[in-house]
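Shown next: entry_0.txt, given as compact mmCIF, C-alpha atoms.
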```txt
# COMPACT_ATOMS: atom_id res chain seq x y z
CA MET A 1171 28.69 228.85 160.25
CA SER A 1172 32.18 227.89 161.43
CA PRO A 1173 33.35 224.32 161.70
CA PHE A 1174 33.24 222.60 165.07
CA TYR A 1175 36.39 220.81 166.23
CA ILE A 1176 36.51 217.94 168.69
CA PHE A 1177 40.01 217.43 170.07
CA SER A 1178 41.34 214.04 171.16
CA GLU A 1179 41.98 213.59 174.87
CA LYS A 1180 45.76 213.89 174.36
CA LEU A 1181 45.35 217.02 172.23
CA GLU A 1182 43.09 218.64 174.86
CA LYS A 1183 46.03 218.45 177.28
CA LEU A 1184 48.19 220.56 174.95
CA ASN A 1185 46.13 223.72 175.55
CA LEU A 1186 45.54 224.78 171.93
CA LYS A 1187 43.05 227.56 172.61
CA SER A 1188 44.71 230.41 170.70
CA THR A 1189 43.26 232.27 167.72
CA ILE A 1190 46.05 231.06 165.40
CA VAL A 1191 45.09 227.43 166.11
CA VAL A 1192 41.46 228.01 165.13
CA THR A 1193 42.59 229.99 162.06
CA ALA A 1194 44.94 227.15 161.09
CA LEU A 1195 42.20 224.53 161.49
CA ASP A 1196 39.68 226.65 159.55
CA SER A 1197 42.20 227.09 156.73
CA ALA A 1198 43.11 223.40 156.71
CA THR A 1199 39.51 222.21 156.59
CA GLY A 1200 38.67 224.83 153.96
CA LEU A 1201 41.51 223.51 151.80
CA GLY A 1202 40.51 219.89 152.41
CA TRP A 1203 43.69 218.99 154.28
CA ASP A 1204 43.77 215.80 156.31
CA TYR A 1205 46.91 216.88 158.23
CA LEU A 1206 48.18 220.13 159.69
CA LYS A 1207 51.61 221.16 160.96
CA LEU A 1208 51.34 223.76 163.72
CA CYS A 1209 54.57 225.42 164.89
CA GLY A 1210 55.50 227.83 167.66
CA TYR A 1211 58.01 228.63 170.36
CA CYS A 1212 58.40 228.06 174.06
CA ARG A 1213 61.52 229.71 175.38
CA ASP A 1214 64.33 228.95 172.92
CA LEU A 1215 62.81 225.78 171.46
CA GLU A 1216 60.60 225.45 168.40
CA PHE A 1217 57.75 222.96 168.74
CA CYS A 1218 55.83 221.59 165.75
CA LEU A 1219 52.76 219.43 166.19
CA ILE A 1220 51.51 217.22 163.39
CA LEU A 1221 47.72 216.99 163.66
CA SER A 1222 45.28 214.79 161.78
CA ILE A 1223 41.89 216.20 160.82
CA SER A 1224 39.04 213.75 160.18
CA PRO A 1225 35.53 214.77 159.13
CA MET A 1226 32.85 213.37 161.43
CA SER A 1227 29.79 214.97 159.84
CA THR A 1228 29.05 218.18 157.99
CA ARG A 1229 31.23 220.93 159.49
CA ASN A 1230 32.33 218.71 162.42
CA TYR A 1231 35.91 217.47 162.60
CA PHE A 1232 37.89 215.23 164.93
CA VAL A 1233 41.43 216.55 165.51
CA ASN A 1234 44.12 214.25 166.87
CA VAL A 1235 47.84 214.67 167.51
CA GLU A 1236 50.00 212.41 165.36
CA GLY A 1237 53.40 213.58 166.48
CA LEU A 1238 55.69 216.30 167.69
CA TYR A 1239 59.11 217.46 166.75
CA VAL A 1240 61.34 219.91 168.54
CA SER A 1241 63.79 221.97 166.53
CA VAL A 1242 67.03 223.39 167.94
CA ASN A 1243 69.99 225.18 166.37
CA GLU A 1244 72.88 222.85 165.58
CA ASP A 1245 75.21 224.81 167.87
CA THR A 1246 72.92 224.52 170.92
CA GLN A 1247 74.78 223.35 174.02
CA ILE A 1248 73.85 219.85 175.13
CA ASP A 1249 72.05 220.19 178.43
CA GLN A 1250 69.33 218.23 180.27
CA LYS A 1251 66.66 219.32 177.78
CA ILE A 1252 68.68 218.18 174.77
CA MET A 1253 69.55 214.91 176.54
CA LEU A 1254 65.81 214.38 177.11
CA LEU A 1255 65.25 214.84 173.38
CA PHE A 1256 67.98 212.33 172.53
CA LYS A 1257 66.39 209.84 174.90
CA HIS A 1258 62.80 210.16 173.65
CA ALA A 1259 63.22 210.90 169.94
CA ASN A 1260 62.49 208.14 167.48
CA TYR A 1261 64.15 210.12 164.67
CA ILE A 1262 66.80 212.83 164.73
CA VAL A 1263 67.16 214.75 161.48
CA LYS A 1264 69.53 217.56 160.52
CA GLU A 1265 68.09 220.19 158.17
CA GLY A 1266 70.40 223.06 157.37
CA HIS A 1267 71.53 224.55 160.69
CA LYS A 1268 68.69 222.93 162.65
CA VAL A 1269 68.37 219.57 164.35
CA LEU A 1270 64.85 218.13 164.51
CA PHE A 1271 63.94 215.64 167.24
CA TYR A 1272 60.82 213.64 166.36
CA VAL A 1273 59.36 212.52 169.67
CA LYS A 1274 57.76 209.13 170.12
CA LYS A 1275 53.97 209.51 170.22
CA GLU A 1276 53.59 207.79 173.58
CA ARG A 1277 56.14 210.19 175.13
CA LEU A 1278 54.82 213.34 173.49
CA LEU A 1279 52.96 214.85 176.47
CA GLY A 1280 55.78 214.22 178.93
CA VAL A 1281 58.40 215.73 176.65
CA TYR A 1282 56.13 218.67 175.79
CA TYR A 1283 55.51 219.60 179.44
CA THR A 1284 59.08 218.92 180.57
CA LEU A 1285 60.54 221.20 177.89
CA CYS A 1286 57.79 223.82 178.12
CA SER A 1287 56.83 223.68 181.78
CA SER A 1288 54.34 226.53 181.40
CA GLY A 1289 52.52 224.50 178.75
CA GLU A 1290 52.15 227.71 176.77
CA VAL A 1291 53.68 227.46 173.32
CA ASN A 1292 53.34 230.67 171.33
CA TRP A 1293 51.90 229.19 168.12
CA ILE A 1294 52.89 231.36 165.18
CA ASN A 1295 52.54 229.48 161.89
CA TYR A 1296 51.05 226.48 160.18
CA ASP A 1297 51.36 224.53 156.95
CA TYR A 1298 50.70 221.14 155.44
CA PRO A 1299 53.36 218.71 156.72
CA SER A 1300 55.86 217.30 154.23
CA SER A 1301 55.78 213.62 153.29
CA GLU A 1302 59.00 213.15 155.30
CA GLU A 1303 57.43 214.72 158.40
CA LEU A 1304 54.40 212.45 158.05
CA GLU A 1305 56.66 209.42 157.67
CA TYR A 1306 58.67 210.33 160.78
CA VAL A 1307 55.54 210.57 162.94
CA SER A 1308 53.75 207.51 161.52
CA GLU A 1309 53.26 204.55 163.81
CA GLU A 1310 54.69 202.12 161.27
CA GLU A 1311 58.23 200.82 161.48
CA HIS A 1312 60.37 201.71 158.47
CA TYR A 1313 63.39 199.66 157.50
CA ASP A 1314 65.80 200.66 154.78
```

Kindly transcribe the structure held in the file into structure tokens.
Amino acid sequence: MSPFYIFSEKLEKLNLKSTIVVTALDSATGLGWDYLKLCGYCRDLEFCLILSISPMSTRNYFVNVEGLYVSVNEDTQIDQKIMLLFKHANYIVKEGHKVLFYVKKERLLGVYYTLCSSGEVNWINYDYPSSEELEYVSEEEHYD
């Protein structure tokens, strides 16, 4: 019997009905993960969602969205989309030749649909998020 997933209201609006999403969730729950990073593309932008997975009862899980980051190549021209990311990102991180824009949780849906107007991200891979990724999407304020 496969697990049953209940998506949060915000997550329902992200249209995660593809086979890869179910495969990712099945793998994550099978491995006992409490978080999942799900990545894919819409046009020329890479989107990665950080999801939390909480057991509710045997084989039933509540899945919520904790954050989103959008990855672009460092040489991408600054246009309206990139300006939107600068405006709504709570962290901007450079990794290699990529720039990652971690979007504020309360702005996640608006940014997602503005950048991917079709609402159809082609989800292609998943993994456990790094501790840095989890820190960037956490609700707590961090001061160094």

Quiz item: What is the distance, in Å and to one decimal place, between atom CA of A:Ser1172 and atom CA of A:Asn1292?
Solution: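 About the pair atom CA of A:Ser1172 and atom CA of A:Asn1292: they are 23.5 Å apart.
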
Quiz item: atom CA of A:Val1281 to atom CA of A:Thr1193: how many Å, to one decimal?
Solution: 25.8 Å

Self-check item: Shell of 12 Å around A:Glu1244, only C-alpha atoms, local chain residues under 6 positions omitted, as a list in words
Solution: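 Once the adjacent positions are removed, what remains is Ile1252, Ile1262, Val1263, Lys1264, Glu1265, Gly1266, His1267, Lys1268, Val1269, Leu1270 and Phe1271 of chain A.
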
Quiz prompt | Gap from atom CA of A:Leu1184 to atom CA of A:Gly1280 - Å, one decimal | solution =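 If I compute the distance from atom CA of A:Leu1184 to atom CA of A:Gly1280, I get 10.7 Å.
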
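Summary of the local environment: counting only C-alpha atoms, residues at most 12 Å from A:Gly1202, other than itself and those fewer than 2 positions away along its chain, are Leu1195, Asp1196, Ser1197, Ala1198, Thr1199, Gly1200, Asp1204, Tyr1205, Leu1206, Ser1222, Ile1223, Ser1224, Pro1225, Arg1229, Tyr1231 and Tyr1298 of chain A.
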
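Here the question is which of A:Tyr1175, A:Tyr1282, A:Tyr1211, A:Tyr1272 gets nearest to A:Thr1228 using all atoms listed in the file, and that residue is A:Tyr1175.
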
Quiz item: Which residues come within 9 Å of A:Leu1285, counting all atoms listed in the file, excluding same-chain residues fewer than 5 positions away, as a ChimeraX atom specification?
Solution: /A:1212-1213,1215,1251,1254,1280

Quiz item: Which one is closest to A:Met1226: A:Tyr1261, A:Trp1203, A:Phe1174, A:Tyr1283? Count all atoms listed in the file.
Solution: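 Using all atoms listed in the file, A:Met1226 sits closest to A:Phe1174.
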
Quiz item: With distances taken over all atoms listed in the file, which of A:Glu1303, A:Glu1236, A:Asp1249, A:Glu1290 is nearest to A:Glu1276?
Solution: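 Under the stated criterion, the closest residue is A:Glu1236.
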
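Distance check against A:Ser1188 using all atoms listed in the file: of A:Arg1277, A:His1258, A:Phe1232, A:Ile1294, the minimum falls on A:Ile1294.
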
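The nearest approach to A:Leu1238 among the residues A:Leu1181, A:Leu1201, A:Ile1190, A:Met1253, with only C-alpha atoms taken into account, belongs to A:Leu1181.
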
Self-check item: Nearest candidate to A:Val1240 (options A:Ser1288, A:Asn1185, A:Asn1260, A:Ser1300; using only C-alpha atoms)
Solution: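 For A:Val1240, the nearest of the given residues is A:Asn1260.
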